[in-house]
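A.B. asks: Got a structure for you, questions after.
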Number of protein chains: 2
Amino acid sequence: MIKLNGNTYQFSAEIFFEMFDDRLKLMIIWYLSNGSMRFKELSKYLQPITNKTLSSKLKQLEELHLIEREVFAEVPPRVEYTLSPHGQQLKPVIDEVVAWSQHYAKTFGQTINEE
Amino acid sequence: MIKLNGNTYQFSAEIFFEMFDDRLKLMIIWYLSNGSMRFKELSKYLQPITNKTLSSKLKQLEELHLIEREVFAEVPPRVEYTLSPHGQQLKPVIDEVVAWSQHYAKTFGQTINEE
DNA sequence: CTGTATCCAACTCGATACTG
DNA sequence: CAGTATCGAGTTGGATACAG
């Protein structure tokens, strides 16, 4: 049995399932797995998404120690989001997700142009 | 670009993210990755969950071709759920999820007894 | 045992407007 | 640019009751 924050888990995997029980957080990790990105850039890729939602999700990921936030003292302001070490360790998960999805798409989907 | 059912996706991974944007479907896959289970058995592990919700999720997973449903003509009725071939191909994803979670739990959680 | 039918609380997330 | 504030629609999923 595992205690984490206030919660208890029978199996450690339940931590992951609870962590990524929404539509956006793992997608954000996926986008950041190719390098750091700015707020606006992420917003563009996750469209439609509101500033409020994106801001909230990024804050959650930071509290989970999966991403890091760096503020540059510029005008206009620049903020970069990067995977933390624990976030980077999700890369094998992401890789398997991508591999599985490509295979699934090959079976059930139709490819228009290239990916 | 990929067309699947009615939707279009830029990247195949988006299929996965949309497929598992809820709290339960990937957890069910995880439970079934150790072998087939009955309705009641799944319900017990996923507590608290209602029959309606579980039934709905299992139907969705079947429509996605990830699990298979087998009915035995017995009294009382017995229904077994098993991963389909495409569901079994999610095993590497699950394995990486488990590995990552154990590492994460070791860093941030406290283990009471054994897992 | 394996569901289905209603009802509803809670949550997620988008639309819009505004701030430093 | 990078947020925050308010509002509200839609969805998820639990509680309860009932059926084959």
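Starting from 1 in every chain, residues are counted up; chains themselves are A, B, ... following the order of the structure tokens, and ligands are numbered from 1 as listed.
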Taking only C-alpha atoms (C1' of nucleotides) into account, which residues of chain A are within 9 Å of chain D, as a ChimeraX atom specification?

C.D. replies: /A:39-40,51-52,55,75-79

A.B. asks: Take the residues from that selection and write them out as a JSON list (two decimals), in the first residue's frame, keeping N, CA, C and O atoms.

C.D. replies:
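That gives us result-v8.json:
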[["chain", "number", "residue", "atom", "x", "y", "z"],
["A", 39, "PHE", "N", 4.02, 29.08, -23.48],
["A", 39, "PHE", "CA", 2.58, 29.00, -23.20],
["A", 39, "PHE", "C", 1.75, 29.11, -24.48],
["A", 39, "PHE", "O", 0.91, 28.25, -24.78],
["A", 40, "LYS", "N", 2.03, 30.11, -25.25],
["A", 40, "LYS", "CA", 1.27, 30.38, -26.48],
["A", 40, "LYS", "C", 1.38, 29.22, -27.47],
["A", 40, "LYS", "O", 0.40, 28.86, -28.13],
["A", 51, "ASN", "N", -7.04, 29.92, -22.01],
["A", 51, "ASN", "CA", -5.89, 30.23, -21.17],
["A", 51, "ASN", "C", -6.08, 29.68, -19.77],
["A", 51, "ASN", "O", -5.14, 29.17, -19.16],
["A", 52, "LYS", "N", -7.30, 29.78, -19.29],
["A", 52, "LYS", "CA", -7.56, 29.31, -17.93],
["A", 52, "LYS", "C", -7.26, 27.83, -17.79],
["A", 52, "LYS", "O", -6.58, 27.41, -16.85],
["A", 55, "SER", "N", -3.48, 27.05, -18.26],
["A", 55, "SER", "CA", -2.77, 27.53, -17.08],
["A", 55, "SER", "C", -2.96, 26.58, -15.90],
["A", 55, "SER", "O", -2.02, 26.24, -15.18],
["A", 75, "VAL", "N", 10.27, 41.76, -22.23],
["A", 75, "VAL", "CA", 9.02, 42.38, -22.64],
["A", 75, "VAL", "C", 8.87, 42.18, -24.14],
["A", 75, "VAL", "O", 9.72, 42.62, -24.90],
["A", 76, "PRO", "N", 7.81, 41.47, -24.57],
["A", 76, "PRO", "CA", 6.77, 40.85, -23.75],
["A", 76, "PRO", "C", 7.29, 39.65, -22.99],
["A", 76, "PRO", "O", 8.30, 39.06, -23.40],
["A", 77, "PRO", "N", 6.63, 39.28, -21.92],
["A", 77, "PRO", "CA", 7.09, 38.18, -21.07],
["A", 77, "PRO", "C", 7.21, 36.86, -21.83],
["A", 77, "PRO", "O", 6.46, 36.61, -22.76],
["A", 78, "ARG", "N", 8.19, 36.07, -21.42],
["A", 78, "ARG", "CA", 8.35, 34.76, -22.02],
["A", 78, "ARG", "C", 8.44, 33.73, -20.91],
["A", 78, "ARG", "O", 9.18, 33.91, -19.95],
["A", 79, "VAL", "N", 7.67, 32.67, -21.04],
["A", 79, "VAL", "CA", 7.67, 31.59, -20.06],
["A", 79, "VAL", "C", 7.84, 30.28, -20.81],
["A", 79, "VAL", "O", 7.09, 30.01, -21.76]]

A.B. asks: Can you check which residues of chain A have any atom within 10 Å of chain C? Use only C-alpha atoms (C1' of nucleotides) and format it as a list in words.

C.D. replies: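 Selected residues: Asp22, Arg23, Pro48, Ile49, Thr50, Asn51, Lys52, Thr53 and Leu54 of chain A.
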
A.B. asks: I need the residues of chain B that end up classed as alpha helix (DSSP H) by DSSP on the backbone, written out as a PyMOL selection string.

C.D. replies: chain B and resi 13-19+25-32+39-45+51-63+85-88+91-108

A.B. asks: Which residue gives the smallest distance to chain B among A:Thr82, A:Gln102, A:Thr107, A:Gln88, with only C-alpha atoms counted?

C.D. replies: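 Checking each of A:Thr82, A:Gln102, A:Thr107, A:Gln88 against chain B, counting only C-alpha atoms, the winner is A:Gln102.
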
A.B. asks: Please identify the strand (DSSP E) residues within chain A (assignment by DSSP from backbone atoms) and present them as a PyMOL selection string.

C.D. replies: chain A and resi 2-4+7-9+37-38+67-72+78-83+110-111

A.B. asks: Need to verify the contact set: Ile29 in chain A, 9 Å, only C-alpha atoms (C1' of nucleotides), exclusion of same-chain residues closer than 2 positions in sequence. Can you return it as an mmCIF file with N, CA and C atoms, in the first residue's frame?

C.D. replies:
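New file result.cif:
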data_model
loop_
_atom_site.group_PDB
_atom_site.id
_atom_site.type_symbol
_atom_site.label_atom_id
_atom_site.label_comp_id
_atom_site.auth_asym_id
_atom_site.auth_seq_id
_atom_site.Cartn_x
_atom_site.Cartn_y
_atom_site.Cartn_z
ATOM 1 N N LEU A 24 -6.091 16.211 -20.980
ATOM 2 C CA LEU A 24 -5.032 17.124 -21.411
ATOM 3 C C LEU A 24 -3.635 16.849 -20.864
ATOM 4 N N LYS A 25 -3.510 16.394 -19.632
ATOM 5 C CA LYS A 25 -2.190 16.384 -19.011
ATOM 6 C C LYS A 25 -1.186 15.500 -19.749
ATOM 7 N N LEU A 26 -1.604 14.300 -20.148
ATOM 8 C CA LEU A 26 -0.645 13.438 -20.849
ATOM 9 C C LEU A 26 -0.326 13.978 -22.246
ATOM 10 N N MET A 27 -1.306 14.624 -22.847
ATOM 11 C CA MET A 27 -1.048 15.272 -24.145
ATOM 12 C C MET A 27 0.018 16.352 -24.006
ATOM 13 N N TYR A 31 3.596 16.681 -25.939
ATOM 14 C CA TYR A 31 4.116 17.826 -26.689
ATOM 15 C C TYR A 31 5.477 18.258 -26.146
ATOM 16 N N LEU A 32 5.612 18.235 -24.836
ATOM 17 C CA LEU A 32 6.872 18.692 -24.238
ATOM 18 C C LEU A 32 7.989 17.665 -24.369
ATOM 19 N N SER A 33 7.632 16.436 -24.741
ATOM 20 C CA SER A 33 8.671 15.403 -24.849
ATOM 21 C C SER A 33 9.613 15.665 -26.015
ATOM 22 N N LEU A 61 0.631 20.000 -13.390
ATOM 23 C CA LEU A 61 1.794 19.196 -13.782
ATOM 24 C C LEU A 61 3.048 19.629 -13.027
ATOM 25 N N LEU A 66 6.300 17.082 -12.685
ATOM 26 C CA LEU A 66 6.504 16.509 -14.015
ATOM 27 C C LEU A 66 7.025 17.533 -15.009
ATOM 28 N N ILE A 67 6.752 18.805 -14.762
ATOM 29 C CA ILE A 67 7.295 19.850 -15.636
ATOM 30 C C ILE A 67 7.903 20.966 -14.785
ATOM 31 N N LEU A 83 9.997 19.479 -19.510
ATOM 32 C CA LEU A 83 9.822 18.278 -18.687
ATOM 33 C C LEU A 83 10.863 18.248 -17.583
ATOM 34 N N GLY A 87 9.333 13.877 -15.418
ATOM 35 C CA GLY A 87 8.558 13.986 -16.648
ATOM 36 C C GLY A 87 9.250 13.295 -17.806
ATOM 37 N N GLN A 88 10.546 13.448 -17.864
ATOM 38 C CA GLN A 88 11.289 12.811 -18.956
ATOM 39 C C GLN A 88 11.246 11.296 -18.847
ATOM 40 N N LEU A 90 8.830 9.684 -18.376
ATOM 41 C CA LEU A 90 7.594 9.218 -19.023
ATOM 42 C C LEU A 90 7.798 8.941 -20.508
ATOM 43 N N LYS A 91 8.967 9.270 -21.002
ATOM 44 C CA LYS A 91 9.244 9.095 -22.434
ATOM 45 C C LYS A 91 8.975 7.666 -22.921
ATOM 46 N N ILE A 94 5.329 7.293 -23.419
ATOM 47 C CA ILE A 94 4.913 8.033 -24.611
ATOM 48 C C ILE A 94 5.291 7.265 -25.878
#

A.B. asks: Compile the residues of chain A that lie within 10 Å of chain B, evaluated using only C-alpha atoms, and express the compilation as a PyMOL selection string.

C.D. replies: chain A and resi 1-5+7-27+30+64-65+86-87+89-115

A.B. asks: I'd like the interatomic distance between CA of Tyr81 in chain B and CA of Gly6 in chain B, to a tenth of an Å.

C.D. replies: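 One can read the CA of Tyr81 in chain B to CA of Gly6 in chain B distance as 26.8 Å.
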
A.B. asks: For a test of reading the model, state the distance in Å between CA of Glu41 in chain A and CA of Lys57 in chain A, rounded to one decimal.

C.D. replies: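 Value for the CA of Glu41 in chain A-CA of Lys57 in chain A distance: 14.7 Å.
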
A.B. asks: Which distance in Å separates CA of Glu80 in chain A and CA of Ser36 in chain A, to one decimal?

C.D. replies: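 Separation between CA of Glu80 in chain A and CA of Ser36 in chain A: 6.2 Å.
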